[in-house]
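Note: the block below is my_file.cif and it holds mmCIF, C-alpha atoms and all ligand atoms.
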```cif
data_query
loop_
_atom_site.label_atom_id
_atom_site.label_comp_id
_atom_site.auth_asym_id
_atom_site.auth_seq_id
_atom_site.Cartn_x
_atom_site.Cartn_y
_atom_site.Cartn_z
CA MET P 1 160.79 97.93 105.55
CA THR P 2 157.46 96.16 104.88
CA ILE P 3 155.69 94.86 107.94
CA THR P 4 153.63 91.79 107.17
CA PHE P 5 151.06 90.36 109.51
CA ASP P 6 149.92 86.86 110.01
CA PRO P 7 146.61 86.94 107.95
CA THR P 8 144.78 85.22 110.79
CA LEU P 9 145.36 88.42 112.80
CA ALA P 10 143.43 90.65 110.32
CA LEU P 11 141.16 92.98 112.30
CA ASP P 12 138.85 94.74 109.86
CA ASN P 13 136.49 93.79 107.02
CA GLN P 14 135.87 90.47 108.68
CA ARG P 15 132.19 90.60 107.77
CA THR P 16 132.18 92.96 104.78
CA THR P 17 132.21 90.75 101.72
CA SER P 18 132.63 93.47 99.08
CA ILE P 19 133.10 97.22 98.80
CA SER P 20 132.29 98.80 95.44
CA PRO P 21 132.19 102.42 94.24
CA LEU P 22 129.15 104.63 94.62
CA ILE P 23 128.67 107.43 92.07
CA PRO P 24 129.43 110.85 93.64
CA PRO P 25 126.22 112.84 94.19
CA ALA P 26 127.59 115.82 92.23
CA LEU P 27 128.08 113.63 89.16
CA LEU P 28 124.50 112.35 89.24
CA ARG P 29 123.21 115.88 89.70
CA GLU P 30 125.23 116.99 86.70
CA GLU P 31 123.93 114.10 84.62
CA LEU P 32 120.32 114.77 85.65
CA PRO P 33 120.12 118.48 86.43
CA VAL P 34 117.15 120.40 87.75
CA GLY P 35 115.74 122.72 85.08
CA GLU P 36 113.80 125.89 85.73
CA ALA P 37 110.33 124.30 85.54
CA VAL P 38 111.21 121.63 88.13
CA ALA P 39 112.89 124.23 90.38
CA GLN P 40 109.63 126.24 90.24
CA THR P 41 107.57 123.15 91.17
CA VAL P 42 109.80 122.35 94.15
CA HIS P 43 109.96 125.96 95.30
CA LYS P 44 106.19 126.43 95.00
CA GLY P 45 105.59 123.01 96.60
CA ARG P 46 107.77 123.80 99.62
CA THR P 47 106.37 127.33 100.05
CA GLY P 48 102.82 125.95 99.85
CA THR P 49 103.59 123.22 102.38
CA VAL P 50 105.13 125.68 104.85
CA GLY P 51 102.13 127.99 104.39
CA VAL P 52 99.69 125.16 105.19
CA LEU P 53 101.77 124.08 108.20
CA ASP P 54 101.96 127.66 109.50
CA GLY P 55 98.26 128.27 108.91
CA THR P 56 98.84 131.17 106.51
CA ASP P 57 97.47 128.98 103.70
CA ASP P 58 94.01 127.58 104.46
CA ARG P 59 94.38 124.44 102.32
CA LEU P 60 94.92 120.88 103.53
CA LEU P 61 98.26 119.16 102.85
CA VAL P 62 97.61 115.78 101.22
CA VAL P 63 100.53 113.39 100.75
CA VAL P 64 99.25 110.62 98.50
CA GLY P 65 100.78 107.89 96.37
CA PRO P 66 102.19 104.37 96.42
CA CYS P 67 103.67 102.78 99.50
CA SER P 68 106.79 102.25 97.38
CA VAL P 69 107.82 102.72 93.75
CA HIS P 70 108.90 99.48 92.07
CA ASP P 71 107.96 100.30 88.44
CA THR P 72 108.74 103.83 87.26
CA ALA P 73 106.34 103.59 84.28
CA ALA P 74 103.42 102.75 86.59
CA ALA P 75 104.50 105.53 88.95
CA MET P 76 104.41 108.02 86.05
CA ASP P 77 101.02 106.71 84.93
CA TYR P 78 99.78 107.36 88.49
CA ALA P 79 101.50 110.78 88.62
CA GLN P 80 99.75 111.92 85.42
CA ARG P 81 96.32 111.01 86.82
CA LEU P 82 97.10 112.63 90.18
CA ALA P 83 98.50 115.82 88.61
CA ALA P 84 95.37 116.26 86.48
CA HIS P 85 93.00 115.56 89.40
CA ALA P 86 94.93 117.72 91.89
CA GLU P 87 94.85 120.69 89.54
CA GLY P 88 91.08 120.88 89.84
CA LEU P 89 91.28 120.81 93.66
CA GLY P 90 94.19 123.24 94.00
CA GLU P 91 92.22 125.85 95.93
CA GLN P 92 91.43 123.38 98.72
CA LEU P 93 94.23 120.79 98.69
CA HIS P 94 97.99 121.11 98.49
CA VAL P 95 98.75 117.72 96.93
CA VAL P 96 102.21 116.13 97.20
CA MET P 97 102.81 112.72 95.60
CA ARG P 98 104.42 109.99 97.74
CA VAL P 99 107.38 108.82 95.66
CA TYR P 100 109.08 106.51 98.16
CA PHE P 101 112.30 104.73 97.22
CA GLU P 102 113.57 103.56 100.63
CA LYS P 103 111.60 101.06 102.71
CA PRO P 104 112.38 100.44 106.38
CA ARG P 105 111.56 96.76 107.09
CA THR P 106 110.33 95.26 110.34
CA THR P 107 112.71 92.36 109.76
CA LEU P 108 113.67 91.54 106.18
CA GLY P 109 112.28 92.22 102.71
CA TRP P 110 112.81 94.25 99.53
CA LYS P 111 114.23 97.59 100.69
CA GLY P 112 113.12 99.74 97.80
CA LEU P 113 114.03 100.84 94.30
CA ILE P 114 117.31 102.53 95.23
CA ASN P 115 118.62 99.46 97.05
CA ASP P 116 117.45 96.87 94.52
CA PRO P 117 116.08 98.41 91.30
CA GLY P 118 116.15 95.06 89.47
CA LEU P 119 113.82 93.51 92.10
CA ASP P 120 116.07 90.48 91.90
CA GLY P 121 118.61 90.81 94.69
CA SER P 122 121.28 92.27 92.38
CA PHE P 123 121.48 95.51 94.43
CA ALA P 124 122.46 97.80 91.52
CA VAL P 125 122.42 100.86 93.78
CA ASN P 126 124.02 103.29 91.28
CA ARG P 127 121.27 102.38 88.81
CA GLY P 128 118.66 102.73 91.55
CA LEU P 129 119.87 106.25 92.37
CA ARG P 130 119.72 107.22 88.68
CA MET P 131 116.20 105.81 88.29
CA ALA P 132 115.06 107.58 91.46
CA ARG P 133 116.45 110.96 90.41
CA ARG P 134 115.04 110.57 86.87
CA LEU P 135 111.57 109.77 88.24
CA LEU P 136 111.60 112.68 90.69
CA LEU P 137 112.45 115.01 87.80
CA ASP P 138 109.73 113.51 85.58
CA VAL P 139 107.00 113.72 88.23
CA SER P 140 108.00 117.26 89.21
CA SER P 141 108.00 118.33 85.59
CA LEU P 142 104.23 117.64 85.57
CA GLY P 143 103.98 120.44 88.15
CA LEU P 144 103.33 117.83 90.87
CA PRO P 145 105.58 118.15 93.95
CA VAL P 146 107.01 114.96 95.46
CA GLY P 147 107.51 113.54 98.96
CA CYS P 148 110.09 110.92 99.99
CA GLU P 149 110.99 109.08 103.16
CA PHE P 150 114.66 109.53 104.05
CA LEU P 151 116.12 106.39 105.53
CA ASP P 152 119.78 106.14 104.52
CA PRO P 153 121.64 109.26 105.70
CA ILE P 154 123.70 109.40 102.49
CA THR P 155 120.82 109.19 99.97
CA PRO P 156 119.58 112.80 100.37
CA GLN P 157 122.74 114.13 98.69
CA PHE P 158 121.53 112.42 95.48
CA ILE P 159 117.87 113.46 95.43
CA ALA P 160 116.88 115.96 98.15
CA ASP P 161 117.08 119.00 95.87
CA ILE P 162 113.97 117.71 94.03
CA VAL P 163 111.98 116.77 97.15
CA THR P 164 109.21 119.10 98.38
CA TRP P 165 108.27 117.24 101.57
CA GLY P 166 110.26 114.62 103.49
CA SER P 167 109.38 111.99 106.04
CA ILE P 168 111.10 110.14 108.85
CA GLY P 169 109.41 106.81 109.50
CA ALA P 170 108.12 105.17 112.65
CA ARG P 171 111.20 102.95 112.94
CA THR P 172 113.71 105.83 112.87
CA ALA P 173 111.96 108.69 114.70
CA ALA P 174 114.08 108.03 117.80
CA SER P 175 117.35 107.93 115.86
CA GLN P 176 119.76 110.81 116.50
CA VAL P 177 121.22 110.28 113.03
CA HIS P 178 117.81 110.96 111.43
CA ARG P 179 117.02 113.91 113.68
CA GLN P 180 120.35 115.51 112.72
CA LEU P 181 119.59 114.80 109.08
CA CYS P 182 116.21 116.57 109.41
CA SER P 183 117.95 119.62 110.87
CA ALA P 184 119.85 119.91 107.57
CA LEU P 185 117.09 119.17 105.07
CA SER P 186 115.84 122.09 102.97
CA MET P 187 112.20 120.98 102.96
CA PRO P 188 109.47 120.44 105.61
CA VAL P 189 109.69 116.95 107.18
CA GLY P 190 106.93 114.89 108.83
CA ILE P 191 108.07 112.59 111.65
CA LYS P 192 105.99 109.58 112.66
CA ASN P 193 104.99 108.20 116.04
CA SER P 194 106.70 104.89 116.85
CA THR P 195 105.35 101.51 115.75
CA GLU P 196 104.41 100.92 119.41
CA GLY P 197 102.31 104.12 119.38
CA ASP P 198 104.66 106.45 121.29
CA VAL P 199 103.76 109.98 120.13
CA GLN P 200 106.26 111.72 122.43
CA VAL P 201 109.15 110.29 120.41
CA ALA P 202 107.89 112.21 117.34
CA VAL P 203 107.44 115.40 119.39
CA ASP P 204 111.00 114.99 120.76
CA ALA P 205 112.32 114.39 117.24
CA THR P 206 110.54 117.53 115.96
CA ARG P 207 112.17 119.53 118.74
CA ALA P 208 115.63 118.02 118.14
CA ALA P 209 115.37 118.62 114.37
CA ALA P 210 114.55 122.31 114.92
CA ALA P 211 117.93 122.80 116.60
CA SER P 212 121.36 123.26 115.07
CA HIS P 213 123.69 120.22 115.00
CA VAL P 214 127.24 119.34 114.02
CA PHE P 215 127.74 115.81 112.67
CA ALA P 216 129.66 113.72 110.17
CA GLY P 217 128.25 113.08 106.71
CA ILE P 218 129.32 113.44 103.10
CA ASN P 219 129.53 116.46 100.83
CA SER P 220 128.24 116.53 97.24
CA ASP P 221 131.54 115.07 95.99
CA GLY P 222 130.88 112.05 98.20
CA VAL P 223 133.78 112.94 100.51
CA ALA P 224 133.48 112.60 104.30
CA ALA P 225 132.65 115.99 105.77
CA LEU P 226 131.63 117.69 108.99
CA LEU P 227 128.23 119.34 108.59
CA THR P 228 126.94 122.23 110.69
CA THR P 229 123.19 122.79 110.33
CA ALA P 230 120.83 125.66 111.10
CA GLY P 231 117.91 123.47 112.28
CA ASN P 232 114.61 122.82 110.51
CA PRO P 233 111.60 124.78 111.85
CA ASP P 234 109.20 123.06 109.42
CA CYS P 235 109.14 119.57 110.95
CA HIS P 236 105.83 118.22 112.20
CA VAL P 237 104.33 115.11 113.79
CA ILE P 238 102.56 112.39 111.79
CA LEU P 239 100.07 110.23 113.70
CA ARG P 240 100.18 106.80 112.01
CA GLY P 241 98.58 104.55 114.65
CA SER P 242 100.35 101.45 115.92
CA ALA P 243 100.04 97.71 116.32
CA ALA P 244 97.79 98.52 119.31
CA GLY P 245 95.31 100.41 117.11
CA PRO P 246 94.52 103.78 115.52
CA ASN P 247 95.44 107.19 116.96
CA TYR P 248 93.66 109.62 114.63
CA ASP P 249 90.87 110.30 117.16
CA ALA P 250 90.23 113.89 118.31
CA GLY P 251 91.51 113.03 121.82
CA THR P 252 94.95 111.93 120.57
CA VAL P 253 95.16 114.92 118.22
CA SER P 254 94.38 117.29 121.08
CA ASP P 255 96.85 115.49 123.39
CA THR P 256 99.54 115.75 120.68
CA LEU P 257 98.89 119.48 120.24
CA GLY P 258 99.31 119.83 124.03
CA ARG P 259 102.64 117.99 123.90
CA LEU P 260 103.80 120.24 121.05
CA ARG P 261 102.72 123.34 122.96
CA LYS P 262 104.63 122.16 126.04
CA ALA P 263 107.73 121.63 123.87
CA GLY P 264 107.40 125.16 122.43
CA LEU P 265 106.59 123.83 118.96
CA PRO P 266 103.86 124.83 116.45
CA GLU P 267 100.60 122.96 117.04
CA ARG P 268 99.90 120.94 113.89
CA VAL P 269 99.64 117.29 112.93
CA LEU P 270 99.36 115.23 109.79
CA ILE P 271 97.24 112.07 109.96
CA ASP P 272 98.44 108.97 108.12
CA ALA P 273 95.24 107.13 107.15
CA SER P 274 97.24 103.96 106.45
CA HIS P 275 99.60 101.83 108.59
CA GLY P 276 98.39 101.46 112.21
CA ASN P 277 95.44 103.78 111.51
CA SER P 278 93.97 101.35 108.98
CA GLY P 279 95.39 98.13 110.44
CA LYS P 280 97.17 97.95 107.05
CA ASP P 281 93.78 97.24 105.44
CA HIS P 282 93.58 99.65 102.48
CA VAL P 283 89.79 99.63 102.48
CA ARG P 284 89.80 101.09 106.01
CA GLN P 285 91.79 104.12 104.80
CA ALA P 286 88.54 105.31 103.19
CA GLU P 287 86.77 105.10 106.57
CA VAL P 288 89.56 107.10 108.21
CA VAL P 289 89.33 109.80 105.51
CA GLY P 290 85.53 109.87 105.85
CA GLU P 291 85.81 110.58 109.57
CA LEU P 292 88.62 113.12 109.13
CA ALA P 293 86.65 114.98 106.44
CA GLY P 294 83.75 115.42 108.88
CA ARG P 295 86.09 116.76 111.55
CA ILE P 296 87.84 119.11 109.10
CA GLU P 297 84.44 120.41 108.02
CA ARG P 298 83.61 121.14 111.65
CA GLY P 299 86.87 123.11 111.90
CA GLU P 300 88.85 120.85 114.25
CA ARG P 301 92.08 122.62 115.22
CA GLY P 302 95.50 121.26 114.29
CA LEU P 303 94.45 118.89 111.48
CA THR P 304 96.92 120.17 108.94
CA GLY P 305 97.36 117.26 106.58
CA VAL P 306 96.42 113.75 105.57
CA MET P 307 98.52 110.92 104.12
CA LEU P 308 97.07 108.17 101.90
CA GLU P 309 98.74 105.08 100.45
CA SER P 310 97.32 104.71 96.96
CA PHE P 311 98.31 103.22 93.61
CA LEU P 312 96.59 102.32 90.34
CA ALA P 313 95.25 98.94 91.49
CA GLY P 314 93.96 98.33 95.02
CA GLY P 315 95.57 95.97 97.56
CA ARG P 316 99.04 94.49 97.46
CA GLN P 317 100.96 91.53 96.03
CA ASP P 318 104.03 89.55 97.04
CA LEU P 319 107.24 90.00 95.07
CA THR P 320 109.28 86.92 94.26
CA LEU P 321 112.83 88.20 93.70
CA GLY P 322 113.80 87.83 90.04
CA ARG P 323 110.15 87.35 88.92
CA ALA P 324 109.08 90.99 88.49
CA ASP P 325 107.55 90.03 85.12
CA GLU P 326 104.82 88.16 87.02
CA LEU P 327 103.63 91.26 88.92
CA THR P 328 100.23 92.88 88.39
CA TYR P 329 100.69 96.33 86.84
CA GLY P 330 100.22 99.26 89.22
CA GLN P 331 99.77 97.22 92.40
CA SER P 332 101.91 97.69 95.53
CA ILE P 333 104.58 95.15 96.50
CA THR P 334 104.83 96.59 100.03
CA ASP P 335 101.76 97.84 101.94
CA ALA P 336 98.24 97.57 100.51
CA CYS P 337 97.08 100.70 98.68
CA LEU P 338 93.76 102.26 97.70
CA ASP P 339 92.94 102.00 93.99
CA TRP P 340 92.97 105.12 91.83
CA SER P 341 89.21 105.68 91.50
CA THR P 342 88.64 105.42 95.27
CA THR P 343 91.57 107.80 95.79
CA ALA P 344 90.07 110.37 93.40
CA ARG P 345 86.76 110.15 95.26
CA LEU P 346 88.48 110.62 98.66
CA LEU P 347 90.44 113.63 97.39
CA ASP P 348 87.14 115.16 96.24
CA ARG P 349 85.65 114.52 99.69
CA LEU P 350 88.60 116.16 101.47
CA ALA P 351 88.38 119.18 99.15
CA GLU P 352 84.66 119.45 99.87
CA ALA P 353 85.40 119.42 103.62
CA VAL P 354 87.98 122.21 103.28
CA ARG P 355 85.52 124.24 101.19
CA ALA P 356 82.87 123.80 103.88
CA ARG P 357 85.12 124.92 106.75
O1 LIG P 401 105.21 101.38 104.78
C1 LIG P 401 105.73 100.32 104.60
C2 LIG P 401 105.84 99.28 105.61
O2 LIG P 401 104.84 99.38 106.56
C3 LIG P 401 107.17 99.30 106.28
O3 LIG P 401 108.16 99.45 105.32
C4 LIG P 401 107.38 98.04 107.09
O4 LIG P 401 107.10 96.96 106.33
P1 LIG P 401 107.24 95.45 106.84
O5 LIG P 401 106.64 95.40 108.20
O6 LIG P 401 106.47 94.69 105.80
O7 LIG P 401 108.69 95.12 106.83
C1 LIG P 402 107.23 103.09 106.21
C2 LIG P 402 106.21 103.90 106.26
O1 LIG P 402 105.49 104.16 107.34
P1 LIG P 402 105.80 103.86 108.87
O2 LIG P 402 107.15 104.42 109.13
O3 LIG P 402 104.71 104.62 109.54
O4 LIG P 402 105.69 102.40 109.07
C3 LIG P 402 105.71 104.61 105.08
O5 LIG P 402 104.97 105.61 105.21
O6 LIG P 402 106.05 104.17 103.99
#
```

Show me the file's structure as C-alpha cells.
Amino acid sequence: MTITFDPTLALDNQRTTSISPLIPPALLREELPVGEAVAQTVHKGRTGTVGVLDGTDDRLLVVVGPCSVHDTAAAMDYAQRLAAHAEGLGEQLHVVMRVYFEKPRTTLGWKGLINDPGLDGSFAVNRGLRMARRLLLDVSSLGLPVGCEFLDPITPQFIADIVTWGSIGARTAASQVHRQLCSALSMPVGIKNSTEGDVQVAVDATRAAAASHVFAGINSDGVAALLTTAGNPDCHVILRGSAAGPNYDAGTVSDTLGRLRKAGLPERVLIDASHGNSGKDHVRQAEVVGELAGRIERGERGLTGVMLESFLAGGRQDLTLGRADELTYGQSITDACLDWSTTARLLDRLAEAVRAR
C-alpha cells in the first residue's frame, strides 16, 4: 500500500533548492594521480616542516603566496618565480607556497576557486575540485611544497594527499569539526588566533587536534563513514593579530609559549605578517618582516615560521561576478598582497637573519 502525504506537510528539503552529484574523491585521485616526483616533494616538504617545528632543522618555515588563487595560470607564474628564488635560500628557509582555494568570509563574498571556479556565481564545484588538484600537482612538480587552508570538512579527501602544510583559519579555530579534522590530517597544521585576538582558542585547538577522535565524515569513495584518528602532534599556533591590532610583539610570543607550555605542547609559533598584524595593509607586511628579521637574528626563542600574503602585483582589486576578464593579471581579489619583487627582497632578508643567528 502506498502512503501519500498532503504535500503541505513535507518536512525536509524546505530550504534546499537543489542537490546535485559531487565526484567521488577516489575518482578524482585516479584521474589526477600523484606521481613519484610529487610524492617526493610532499614527503620532503612535510619532513622539513616537522623538523623546523621540532627544532631539529635550524631553518625558518616561510608560508608565502596569494591570499587566494583565482587564476591558475597566474598562480603557476608566481610558483615558478618562487621555486627558483626559494632554491637559492634553501639552507636558511623552508619555503611552502600558499595555494588557498577556500576562503572563509566575514559575511558574504566569493568563497574561493573550489566553490566558484568560474568567478561568476555558477558554483561548478566539480570543476573547481579538478582545477585545484591539477594546480597542486603542477606546483608540487616544480619541487615547491604547497600549503592550503582547510575549511570544508569534505574537501581534504580530494586534495590533502598533495598538501605539505595545512591551516585552520581564525574563524574556525574554535570549531570542534575543524579540530577533529586536524587530528586526522597527515601534514602539520597551523591554527590561528581568533579574529578578536583570542590566542587561547588556538592553543586549545592545538591541544584538541593532538588527541584521538571518533567522528563522522566521508571515505575516499564519498560514502558516509565513521573515522577514528590518531591525533596530530604537528599542529602549531599562528599569531595573526586581530581587529584590535597586531600581536607579533615579543611579549605576546612569550605569553603564547607560556600557554603552550602549560598545555603540555611544544613551544613554537608562526607569525602571520598579514591580516590583523598588518591591518590588512600589504605595505605594512614589509615592516612586520623587518622587525621579525631583527628578532630572529638576535635568536628570539619560539619564532619558528612566518606567513606572507604575496602575489605578482601588489594590492588587491574587487571582483565583479561574471566579469573576470576585467581583472588585473596577478593581483589578489581577496586580501591585499605584497608584489613579487618586494616579496623576493623580504625572503632574502629573512634568510640573512637566519644565517646571522
Ligand atoms: O584571508 C582572507 C580574508 O581575510 C578572509 O577570507 C576574510 O575576508 P572578508 O573579511 O573579506 O570576508
Ligand atoms: C583567511 C585567512 O586568514 P585568517 O583566518 O587569519 O583571517 C587566510 O590566511 O587566508

Dump the neighbourhood of ligand LIG 401 (chain P) as a PyMOL selection string: all residues within 6 Å, distances computed on only C-alpha atoms and all ligand atoms.
-> chain P and resi 67+103-107+334-335

Using all atoms listed in the file, which residues sit within 9 Å of range 246-263 of chain P once same-chain residues fewer than 6 positions away are excluded, as a ChimeraX atom specification?
-> /P:197,199-200,203-204,206-207,237,239-240,269,271-273,275-279,288,292,295,300-303

Go ahead and dump the residues you just picked, C-alpha atoms, as a short mmCIF file (atom, residue, chain, number, x, y, z; two decimals), in the coordinates of the input.
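What landed in part-v6.cif:
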```cif
data_model
loop_
_atom_site.label_atom_id
_atom_site.label_comp_id
_atom_site.auth_asym_id
_atom_site.auth_seq_id
_atom_site.Cartn_x
_atom_site.Cartn_y
_atom_site.Cartn_z
CA GLY P 197 102.31 104.12 119.38
CA VAL P 199 103.76 109.98 120.13
CA GLN P 200 106.26 111.72 122.43
CA VAL P 203 107.44 115.40 119.39
CA ASP P 204 111.00 114.99 120.76
CA THR P 206 110.54 117.53 115.96
CA ARG P 207 112.17 119.53 118.74
CA VAL P 237 104.33 115.11 113.79
CA LEU P 239 100.07 110.23 113.70
CA ARG P 240 100.18 106.80 112.01
CA VAL P 269 99.64 117.29 112.93
CA ILE P 271 97.24 112.07 109.96
CA ASP P 272 98.44 108.97 108.12
CA ALA P 273 95.24 107.13 107.15
CA HIS P 275 99.60 101.83 108.59
CA GLY P 276 98.39 101.46 112.21
CA ASN P 277 95.44 103.78 111.51
CA SER P 278 93.97 101.35 108.98
CA GLY P 279 95.39 98.13 110.44
CA VAL P 288 89.56 107.10 108.21
CA LEU P 292 88.62 113.12 109.13
CA ARG P 295 86.09 116.76 111.55
CA GLU P 300 88.85 120.85 114.25
CA ARG P 301 92.08 122.62 115.22
CA GLY P 302 95.50 121.26 114.29
CA LEU P 303 94.45 118.89 111.48
#
```

List every protein, DNA or RNA residue that has at least one atom no more than 12 Å from (100.8, 114.0, 108.7) in the file's coordinates, counting only C-alpha atoms, and write the result as a PDB file with C-alpha atoms, in the coordinates of the input.
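Ended up saving to part.pdb:
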```
ATOM      1  CA  THR P  49     103.590 123.220 102.380  1.00  0.00           C
ATOM      2  CA  VAL P  52      99.690 125.160 105.190  1.00  0.00           C
ATOM      3  CA  LEU P  53     101.770 124.080 108.200  1.00  0.00           C
ATOM      4  CA  LEU P  60      94.920 120.880 103.530  1.00  0.00           C
ATOM      5  CA  LEU P  61      98.260 119.160 102.850  1.00  0.00           C
ATOM      6  CA  VAL P  62      97.610 115.780 101.220  1.00  0.00           C
ATOM      7  CA  VAL P  63     100.530 113.390 100.750  1.00  0.00           C
ATOM      8  CA  VAL P  64      99.250 110.620  98.500  1.00  0.00           C
ATOM      9  CA  VAL P  96     102.210 116.130  97.200  1.00  0.00           C
ATOM     10  CA  GLY P 147     107.510 113.540  98.960  1.00  0.00           C
ATOM     11  CA  TRP P 165     108.270 117.240 101.570  1.00  0.00           C
ATOM     12  CA  GLY P 166     110.260 114.620 103.490  1.00  0.00           C
ATOM     13  CA  SER P 167     109.380 111.990 106.040  1.00  0.00           C
ATOM     14  CA  ILE P 168     111.100 110.140 108.850  1.00  0.00           C
ATOM     15  CA  GLY P 169     109.410 106.810 109.500  1.00  0.00           C
ATOM     16  CA  PRO P 188     109.470 120.440 105.610  1.00  0.00           C
ATOM     17  CA  VAL P 189     109.690 116.950 107.180  1.00  0.00           C
ATOM     18  CA  GLY P 190     106.930 114.890 108.830  1.00  0.00           C
ATOM     19  CA  ILE P 191     108.070 112.590 111.650  1.00  0.00           C
ATOM     20  CA  LYS P 192     105.990 109.580 112.660  1.00  0.00           C
ATOM     21  CA  ASN P 193     104.990 108.200 116.040  1.00  0.00           C
ATOM     22  CA  ALA P 202     107.890 112.210 117.340  1.00  0.00           C
ATOM     23  CA  CYS P 235     109.140 119.570 110.950  1.00  0.00           C
ATOM     24  CA  HIS P 236     105.830 118.220 112.200  1.00  0.00           C
ATOM     25  CA  VAL P 237     104.330 115.110 113.790  1.00  0.00           C
ATOM     26  CA  ILE P 238     102.560 112.390 111.790  1.00  0.00           C
ATOM     27  CA  LEU P 239     100.070 110.230 113.700  1.00  0.00           C
ATOM     28  CA  ARG P 240     100.180 106.800 112.010  1.00  0.00           C
ATOM     29  CA  GLY P 241      98.580 104.550 114.650  1.00  0.00           C
ATOM     30  CA  ASN P 247      95.440 107.190 116.960  1.00  0.00           C
ATOM     31  CA  TYR P 248      93.660 109.620 114.630  1.00  0.00           C
ATOM     32  CA  VAL P 253      95.160 114.920 118.220  1.00  0.00           C
ATOM     33  CA  ARG P 268      99.900 120.940 113.890  1.00  0.00           C
ATOM     34  CA  VAL P 269      99.640 117.290 112.930  1.00  0.00           C
ATOM     35  CA  LEU P 270      99.360 115.230 109.790  1.00  0.00           C
ATOM     36  CA  ILE P 271      97.240 112.070 109.960  1.00  0.00           C
ATOM     37  CA  ASP P 272      98.440 108.970 108.120  1.00  0.00           C
ATOM     38  CA  ALA P 273      95.240 107.130 107.150  1.00  0.00           C
ATOM     39  CA  SER P 274      97.240 103.960 106.450  1.00  0.00           C
ATOM     40  CA  ASN P 277      95.440 103.780 111.510  1.00  0.00           C
ATOM     41  CA  GLY P 302      95.500 121.260 114.290  1.00  0.00           C
ATOM     42  CA  LEU P 303      94.450 118.890 111.480  1.00  0.00           C
ATOM     43  CA  THR P 304      96.920 120.170 108.940  1.00  0.00           C
ATOM     44  CA  GLY P 305      97.360 117.260 106.580  1.00  0.00           C
ATOM     45  CA  VAL P 306      96.420 113.750 105.570  1.00  0.00           C
ATOM     46  CA  MET P 307      98.520 110.920 104.120  1.00  0.00           C
ATOM     47  CA  LEU P 308      97.070 108.170 101.900  1.00  0.00           C
TER      48      LEU P 308
END
```

Centre and edge lengths, as AutoDock Vina command-line options, for the axis-aligned box enclosing every listed atom of range 139-155 of chain P with 5 Å of padding on each of the six sides, in Å to one decimal?
```
--center_x 113.5 --center_y 113.3 --center_z 95.6 --size_x 30.4 --size_y 24.3 --size_z 30.1
```

Residue nearest Gly45 in chain P among P:Ser332, P:Gln14, P:Leu265, P:Thr164 (counting all atoms listed in the file) |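 Selected residue with least distance to Gly45 in chain P: P:Thr164.
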
Counting only C-alpha atoms and all ligand atoms, the option among P:Gly315, P:Gly121, P:Gly294, P:Pro66 closest to ligand LIG 402 (chain P) =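 So, comparing all the options, the nearest one is P:Pro66.
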
Would you mind listing what lies within 12 Å of range 86-90 of chain P as a short mmCIF file (atom, residue, chain, number, x, y, z; two decimals) with C-alpha atoms, in the coordinates of the input, with only C-alpha atoms counted and same-chain residues fewer than 6 positions away left out?
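Dumped to around01.cif:
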```cif
data_model
loop_
_atom_site.label_atom_id
_atom_site.label_comp_id
_atom_site.auth_asym_id
_atom_site.auth_seq_id
_atom_site.Cartn_x
_atom_site.Cartn_y
_atom_site.Cartn_z
CA GLY P 45 105.59 123.01 96.60
CA GLY P 48 102.82 125.95 99.85
CA ASP P 57 97.47 128.98 103.70
CA ASP P 58 94.01 127.58 104.46
CA ARG P 59 94.38 124.44 102.32
CA LEU P 60 94.92 120.88 103.53
CA LEU P 61 98.26 119.16 102.85
CA VAL P 62 97.61 115.78 101.22
CA VAL P 63 100.53 113.39 100.75
CA VAL P 64 99.25 110.62 98.50
CA TYR P 78 99.78 107.36 88.49
CA ALA P 79 101.50 110.78 88.62
CA GLN P 80 99.75 111.92 85.42
CA VAL P 96 102.21 116.13 97.20
CA MET P 97 102.81 112.72 95.60
CA LEU P 142 104.23 117.64 85.57
CA GLY P 143 103.98 120.44 88.15
CA LEU P 144 103.33 117.83 90.87
CA PRO P 145 105.58 118.15 93.95
CA THR P 343 91.57 107.80 95.79
CA ALA P 344 90.07 110.37 93.40
CA ARG P 345 86.76 110.15 95.26
CA LEU P 346 88.48 110.62 98.66
CA LEU P 347 90.44 113.63 97.39
CA ASP P 348 87.14 115.16 96.24
CA ARG P 349 85.65 114.52 99.69
CA LEU P 350 88.60 116.16 101.47
CA ALA P 351 88.38 119.18 99.15
CA GLU P 352 84.66 119.45 99.87
CA ALA P 353 85.40 119.42 103.62
CA VAL P 354 87.98 122.21 103.28
CA ARG P 355 85.52 124.24 101.19
#
```

Between P:Ala170, P:Leu135, P:Val95, P:Leu27, which is the closest to ligand LIG 402 (chain P) once you count all atoms listed in the file?
->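 Closest candidate: P:Ala170.
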
If you measure from CA of Ala244 in chain P to CA of Arg171 in chain P, what distance in Å do you get, rounded to one decimal?
->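 Computing the Euclidean distance for CA of Ala244 in chain P and CA of Arg171 in chain P yields 15.5 Å.
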
Residues within 10 Å of range 125-128 of chain P, please, as an mmCIF file with C-alpha atoms, in the coordinates of the input. Count only C-alpha atoms; anything in the same chain fewer than 4 positions from it doesn't count.
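Written file, part16.cif:
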```cif
data_model
loop_
_atom_site.group_PDB
_atom_site.id
_atom_site.type_symbol
_atom_site.label_atom_id
_atom_site.label_comp_id
_atom_site.auth_asym_id
_atom_site.auth_seq_id
_atom_site.Cartn_x
_atom_site.Cartn_y
_atom_site.Cartn_z
ATOM 1 C CA PRO P 21 132.190 102.420 94.240
ATOM 2 C CA LEU P 22 129.150 104.630 94.620
ATOM 3 C CA ILE P 23 128.670 107.430 92.070
ATOM 4 C CA PRO P 24 129.430 110.850 93.640
ATOM 5 C CA LEU P 28 124.500 112.350 89.240
ATOM 6 C CA PHE P 101 112.300 104.730 97.220
ATOM 7 C CA GLY P 112 113.120 99.740 97.800
ATOM 8 C CA LEU P 113 114.030 100.840 94.300
ATOM 9 C CA ILE P 114 117.310 102.530 95.230
ATOM 10 C CA ASN P 115 118.620 99.460 97.050
ATOM 11 C CA ASP P 116 117.450 96.870 94.520
ATOM 12 C CA PRO P 117 116.080 98.410 91.300
ATOM 13 C CA GLY P 118 116.150 95.060 89.470
ATOM 14 C CA ALA P 132 115.060 107.580 91.460
ATOM 15 C CA ARG P 133 116.450 110.960 90.410
ATOM 16 C CA ARG P 134 115.040 110.570 86.870
#
```
